[in-house]
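Text of the file final08.csv, holding CSV, C-alpha atoms:
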chain,number,residue,atom,x,y,z
T,1,MET,CA,-83.0,37.0,-42.2
T,2,GLY,CA,-80.2,39.4,-41.4
T,3,SER,CA,-80.7,38.7,-37.7
T,4,ALA,CA,-80.6,35.0,-38.2
T,5,ARG,CA,-77.3,35.3,-40.0
T,6,VAL,CA,-75.8,37.4,-37.3
T,7,ILE,CA,-77.0,34.9,-34.6
T,8,SER,CA,-75.4,32.0,-36.7
T,9,LEU,CA,-72.1,33.9,-36.9
T,10,VAL,CA,-72.1,34.6,-33.2
T,11,SER,CA,-72.7,31.0,-32.5
T,12,LEU,CA,-69.9,29.9,-34.7
T,13,LEU,CA,-67.5,32.4,-33.1
T,14,LEU,CA,-68.5,31.2,-29.6
T,15,ALA,CA,-68.0,27.6,-30.6
T,16,ALA,CA,-64.6,28.3,-32.1
T,17,SER,CA,-63.6,30.3,-29.0
T,18,GLY,CA,-64.5,27.3,-26.8
T,19,LEU,CA,-62.4,25.0,-29.0
T,20,VAL,CA,-59.4,27.3,-28.7
T,21,HIS,CA,-59.8,27.5,-25.0
T,22,CYS,CA,-59.9,23.8,-24.6
T,23,SER,CA,-56.8,23.4,-26.8
T,24,LEU,CA,-54.9,25.8,-24.6
T,25,ARG,CA,-55.9,24.0,-21.5
T,26,SER,CA,-54.8,20.7,-23.0
T,27,LEU,CA,-51.4,22.2,-23.9
T,28,ASP,CA,-51.1,23.7,-20.5
T,29,GLY,CA,-51.8,20.3,-18.9
T,30,LEU,CA,-49.1,18.7,-21.0
T,31,ALA,CA,-46.7,21.4,-20.1
T,32,ASP,CA,-47.5,20.9,-16.4
T,33,ASN,CA,-47.0,17.2,-16.7
T,34,HIS,CA,-43.7,17.7,-18.5
T,35,GLU,CA,-42.5,20.1,-15.8
T,36,GLY,CA,-43.6,17.6,-13.2
T,37,SER,CA,-41.5,14.9,-14.8
T,38,SER,CA,-38.5,17.2,-15.0
T,39,GLY,CA,-39.0,18.0,-11.4
T,40,GLY,CA,-39.1,14.3,-10.5
T,41,THR,CA,-35.8,13.8,-12.4
T,42,ASN,CA,-34.2,16.7,-10.7
T,43,SER,CA,-35.4,15.4,-7.3
T,44,GLY,CA,-34.0,12.0,-8.1
T,45,GLY,CA,-30.7,13.6,-9.0
T,46,SER,CA,-30.6,15.6,-5.8
T,47,SER,CA,-31.2,12.4,-3.8
T,48,GLY,CA,-28.0,11.0,-5.3
T,49,THR,CA,-24.5,12.5,-5.2
T,50,PRO,CA,-25.7,16.1,-4.3
T,51,THR,CA,-27.4,14.8,-1.2
T,52,THR,CA,-24.1,13.2,-0.1
T,53,ASN,CA,-22.4,16.5,-0.7
T,54,GLY,CA,-25.1,18.2,1.3
T,55,SER,CA,-24.7,15.9,4.2
T,56,SER,CA,-20.9,16.5,4.1
T,57,GLY,CA,-21.8,20.2,4.1
T,58,THR,CA,-23.5,19.9,7.5
T,59,ASN,CA,-20.1,19.4,9.0
T,60,GLY,CA,-19.2,23.0,8.2
T,61,SER,CA,-18.1,23.0,4.5
T,62,SER,CA,-16.7,26.1,2.8
T,63,GLY,CA,-15.1,24.4,-0.2
T,64,THR,CA,-16.6,23.8,-3.6
T,65,ASN,CA,-15.6,20.3,-4.5
T,66,GLY,CA,-18.0,17.5,-3.5
T,67,SER,CA,-17.4,13.8,-2.7
T,68,SER,CA,-18.1,13.0,-6.3
T,69,GLY,CA,-15.6,15.7,-7.6
T,70,THR,CA,-12.5,14.7,-9.5
T,71,GLY,CA,-10.3,17.7,-9.0
T,72,VAL,CA,-7.9,17.5,-6.1
T,73,PRO,CA,-7.7,20.7,-4.1
T,74,ASP,CA,-4.3,22.5,-3.6
T,75,ALA,CA,-3.5,24.4,-0.4
T,76,SER,CA,-2.5,27.4,-2.5
T,77,ASP,CA,-6.2,27.7,-3.5
T,78,LEU,CA,-7.2,28.2,0.1
T,79,PRO,CA,-6.5,30.7,2.9
T,80,PRO,CA,-3.3,30.0,4.9
T,81,GLY,CA,-3.8,27.3,7.5
T,82,LYS,CA,-6.8,25.7,5.7
T,83,VAL,CA,-7.0,22.3,4.2
T,84,GLN,CA,-9.7,20.8,2.1
T,85,CYS,CA,-10.5,17.2,3.1
T,86,ALA,CA,-9.8,15.0,0.0
T,87,THR,CA,-12.4,16.0,-2.6
T,88,THR,CA,-15.2,16.5,-0.1
T,89,ASN,CA,-16.5,20.0,0.5
T,90,ILE,CA,-15.2,20.1,4.1
T,91,VAL,CA,-12.4,22.6,5.0
T,92,CYS,CA,-10.5,22.4,8.3
T,93,ASP,CA,-8.3,24.8,10.1
T,94,ILE,CA,-5.0,22.8,10.4
T,95,THR,CA,-3.7,25.0,13.2
T,96,SER,CA,-6.1,23.4,15.6
T,97,ALA,CA,-7.7,20.5,13.7
T,98,GLU,CA,-7.3,17.8,11.1
T,99,CYS,CA,-9.6,16.1,8.6
T,100,CYS,CA,-10.9,12.7,9.3
T,101,VAL,CA,-11.9,11.3,5.9
T,102,THR,CA,-13.9,8.1,5.5
T,103,TYR,CA,-14.4,6.5,2.1
T,104,ASN,CA,-16.2,3.3,1.0
T,105,GLY,CA,-15.3,1.5,-2.2
T,106,GLU,CA,-15.0,-1.7,-4.1
T,107,ASP,CA,-11.7,-3.5,-4.9
T,108,SER,CA,-12.0,-6.6,-7.0
T,109,ALA,CA,-10.3,-8.2,-10.0
T,110,ALA,CA,-12.8,-6.5,-12.2
T,111,THR,CA,-13.0,-3.0,-10.7
T,112,ARG,CA,-11.7,-0.6,-8.1
T,113,SER,CA,-14.1,2.2,-7.4
T,114,LEU,CA,-15.2,4.7,-4.9
T,115,ASP,CA,-18.8,4.4,-3.7
T,116,SER,CA,-19.0,7.2,-1.2
T,117,SER,CA,-16.9,9.5,1.0
T,118,SER,CA,-17.4,11.9,3.9
T,119,ALA,CA,-15.2,14.0,6.2
T,120,LYS,CA,-15.3,15.9,9.4
T,121,CYS,CA,-12.9,18.2,11.3
T,122,GLN,CA,-11.5,16.7,14.5
T,123,SER,CA,-8.9,17.5,17.2
T,124,ILE,CA,-5.4,16.9,16.1
T,125,GLY,CA,-4.3,13.3,17.0
T,126,GLY,CA,-7.9,12.2,17.5
T,127,SER,CA,-9.1,8.7,16.7
T,128,CYS,CA,-9.1,8.3,12.9
T,129,GLY,CA,-7.4,5.5,11.1
T,130,GLN,CA,-8.8,2.1,10.1
T,131,PHE,CA,-9.2,-0.2,7.2
T,132,VAL,CA,-12.0,-2.8,7.2
T,133,SER,CA,-12.9,-5.0,4.2
T,134,THR,CA,-15.7,-7.5,3.6
T,135,GLY,CA,-15.3,-9.4,0.4
T,136,ASP,CA,-14.7,-6.9,-2.4
T,137,THR,CA,-16.0,-3.9,-0.4
T,138,PHE,CA,-14.0,-1.9,2.0
T,139,THR,CA,-14.1,1.2,4.3
T,140,ASN,CA,-10.9,3.2,4.8
T,141,GLN,CA,-10.7,6.1,7.4
T,142,ILE,CA,-7.6,8.4,7.3
T,143,ALA,CA,-6.4,11.5,9.1
T,144,GLN,CA,-5.4,14.3,6.8
T,145,ARG,CA,-3.4,17.5,7.8
T,146,CYS,CA,-2.2,18.7,4.4
T,147,SER,CA,-3.0,18.6,0.7
T,148,SER,CA,0.3,19.9,-0.7
T,149,ALA,CA,3.7,21.3,0.4
T,150,ALA,CA,2.1,24.7,0.7
T,151,ASN,CA,0.6,23.5,4.1
T,152,CYS,CA,3.9,22.2,5.4
T,153,SER,CA,6.5,25.0,5.9
T,154,GLY,CA,9.5,23.5,4.2
T,155,GLN,CA,8.4,19.9,4.7
T,156,ALA,CA,6.7,17.5,2.2
T,157,CYS,CA,3.0,16.7,2.3
T,158,CYS,CA,3.3,12.9,2.8
T,159,VAL,CA,0.9,10.1,2.1
T,160,LEU,CA,1.6,7.3,4.6
T,161,PRO,CA,0.3,3.8,4.2
T,162,MET,CA,-1.8,1.9,6.8
T,163,GLU,CA,0.9,-0.9,6.9
T,164,GLU,CA,4.4,0.3,7.9
T,165,GLY,CA,7.0,-0.5,5.3
T,166,GLN,CA,4.4,-0.7,2.4
T,167,ARG,CA,5.0,2.8,1.0
T,168,LEU,CA,2.9,2.2,-2.1
T,169,SER,CA,0.0,0.4,-0.5
T,170,LYS,CA,-3.4,1.4,-1.6
T,171,ASN,CA,-4.6,1.3,2.0
T,172,LEU,CA,-4.0,4.8,3.3
T,173,GLY,CA,-3.1,5.6,7.0
T,174,SER,CA,-2.6,9.3,7.0
T,175,ILE,CA,-1.6,12.4,5.1
T,176,GLN,CA,0.7,14.7,7.1
T,177,CYS,CA,3.7,17.0,6.9
T,178,LEU,CA,7.0,15.1,7.1
T,179,ALA,CA,10.6,15.7,6.1
T,180,ALA,CA,11.0,14.9,2.4
T,181,SER,CA,13.8,12.5,3.1
T,182,ASP,CA,11.7,10.5,5.5
T,183,CYS,CA,8.6,10.6,3.3
T,184,ASN,CA,10.6,9.3,0.3
T,185,THR,CA,11.3,6.1,2.1
T,186,LYS,CA,8.1,5.7,4.2
T,187,GLY,CA,5.4,7.0,1.9
T,188,ARG,CA,4.6,9.2,-1.1
T,189,ILE,CA,5.4,12.9,-1.5
T,190,ILE,CA,2.4,14.8,-2.9
T,191,CYS,CA,3.6,17.2,-5.6
T,192,VAL,CA,2.3,19.9,-7.9
T,193,THR,CA,5.5,20.2,-10.0
T,194,SER,CA,8.8,18.3,-10.0
T,195,SER,CA,10.4,21.1,-8.0
T,196,ASP,CA,8.5,19.6,-5.0
T,197,CYS,CA,10.4,16.3,-5.5
T,198,PRO,CA,13.8,14.9,-4.4
T,199,ALA,CA,16.6,14.5,-6.9
T,200,ASN,CA,16.2,11.7,-9.4
T,201,THR,CA,12.4,11.7,-9.0
T,202,THR,CA,9.7,13.5,-10.9
T,203,CYS,CA,6.1,14.5,-10.3
T,204,LEU,CA,3.7,12.1,-12.0
T,205,PRO,CA,-0.1,11.8,-11.9
T,206,GLU,CA,-1.8,9.3,-9.6
T,207,THR,CA,-3.8,6.9,-11.7
T,208,ASP,CA,-5.7,5.0,-9.1
T,209,PRO,CA,-9.4,6.0,-9.2
T,210,ILE,CA,-9.6,6.2,-5.4
T,211,LEU,CA,-6.2,7.5,-4.4
T,212,SER,CA,-6.5,10.3,-7.0
T,213,ARG,CA,-9.3,11.8,-4.8
T,214,PHE,CA,-6.7,12.6,-2.2
T,215,TYR,CA,-3.8,13.8,-4.3
T,216,GLY,CA,-3.3,14.5,-8.0
T,217,SER,CA,0.4,13.6,-8.3
T,218,PHE,CA,3.3,12.2,-6.3
T,219,CYS,CA,7.0,11.9,-6.7
T,220,ARG,CA,8.5,8.8,-8.1

Do you think you could lay out the structure here as structure tokens?
Amino acid sequence: MGSARVISLVSLLLAASGLVHCSLRSLDGLADNHEGSSGGTNSGGSSGTPTTNGSSGTNGSSGTNGSSGTGVPDASDLPPGKVQCATTNIVCDITSAECCVTYNGEDSAATRSLDSSSAKCQSIGGSCGQFVSTGDTFTNQIAQRCSSAANCSGQACCVLPMEEGQRLSKNLGSIQCLAASDCNTKGRIICVTSSDCPANTTCLPETDPILSRFYGSFCR
């Protein structure tokens, strides 16, 4: 009788052990599926903006801001002679090269937005500068040699428009060092503080959602 009770207890324990094991396997399976879902989400994310940043990085990036970043780099944050191309992660040596920045966006009565941007370092004076639009979408390509007065040895870092005489045009032609007096009539002086600006002007933020990727403030 005693033996029968022992066998019954052993059987019950084995059965309980089997149930516990199955429960753990089921929980493990749910955990695996959850991790897989998270992995899928992360993968989807990496195929978005970070992928764009990565492709920009193949051109030799050493900066930290990607094409989807909102902070505008300042030359004082980089080693002398270096310029970060807009808010991409490409950095060029302006003693021998310039940035060629291409950005695509939408400009309509309802919205003005940046869809994508990229940049590369090219020889100074190379072919870079165009504006093409189809309906509400456009592509603008500009040459950039400075991001603030810190790049310019006493001159202003000047945003010049694509169309001569249209100093406040949203279609950019180039960003380069220029005498402040010339820039004040031909384009926009990029500034960090009002001390970068001519008399009777002050340093105010750029509010355009696309132009603010190239400079944070300008004199007006």

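Across T:Ala149, T:Cys158, T:Val101, T:Cys191, the tightest approach to T:Gln84 is made by T:Val101 when counting all atoms listed in the file.
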
Kindly assemble as a Markdown table a list of the stretch 127-153 of chain T residues that lie within 12 Å of stretch 203-219 of chain T, each paired with its nearest atom pair and their distance in Å to one decimal, using all atoms listed in the file, sorted first by chain and then by ascending residue number.
| residue | atom | partner | partner_atom | distance |
| --- | --- | --- | --- | --- |
| T:Phe138 | CA | T:Ile210 | CA | 11.8 |
| T:Thr139 | CA | T:Ile210 | CA | 11.8 |
| T:Asn140 | CA | T:Ile210 | CA | 10.7 |
| T:Ile142 | CA | T:Phe214 | CA | 10.4 |
| T:Ala143 | CA | T:Phe214 | CA | 11.4 |
| T:Gln144 | CA | T:Phe214 | CA | 9.3 |
| T:Arg145 | CA | T:Phe214 | CA | 11.6 |
| T:Cys146 | CA | T:Phe214 | CA | 10.1 |
| T:Ser147 | CA | T:Tyr215 | CA | 7.0 |
| T:Ser148 | CA | T:Tyr215 | CA | 8.2 |
| T:Ala149 | CA | T:Phe218 | CA | 11.3 |

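One distance worth recording is that between atom CA of T:Ser113 and atom CA of T:Asn151, which is 28.3 Å.
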
*Could you give me, as a ChimeraX atom specification, the residues within 9 Å of T:Leu168, counting all atoms listed in the file and dropping anything in the same chain fewer than 6 positions from it?*
/T:160-161,186-188

Given the selection you just returned, output its residues as a file containing C-alpha atoms, formatted as an mmCIF file, in the coordinates of the input.
data_model
loop_
_atom_site.group_PDB
_atom_site.id
_atom_site.type_symbol
_atom_site.label_atom_id
_atom_site.label_comp_id
_atom_site.auth_asym_id
_atom_site.auth_seq_id
_atom_site.Cartn_x
_atom_site.Cartn_y
_atom_site.Cartn_z
ATOM 1 C CA LEU T 160 1.600 7.300 4.600
ATOM 2 C CA PRO T 161 0.300 3.800 4.200
ATOM 3 C CA LYS T 186 8.100 5.700 4.200
ATOM 4 C CA GLY T 187 5.400 7.000 1.900
ATOM 5 C CA ARG T 188 4.600 9.200 -1.100
#

*Report the distance between atom CA of T:Val83 and atom CA of T:Cys197 in Å, rounded to one decimal place.*
20.8 Å
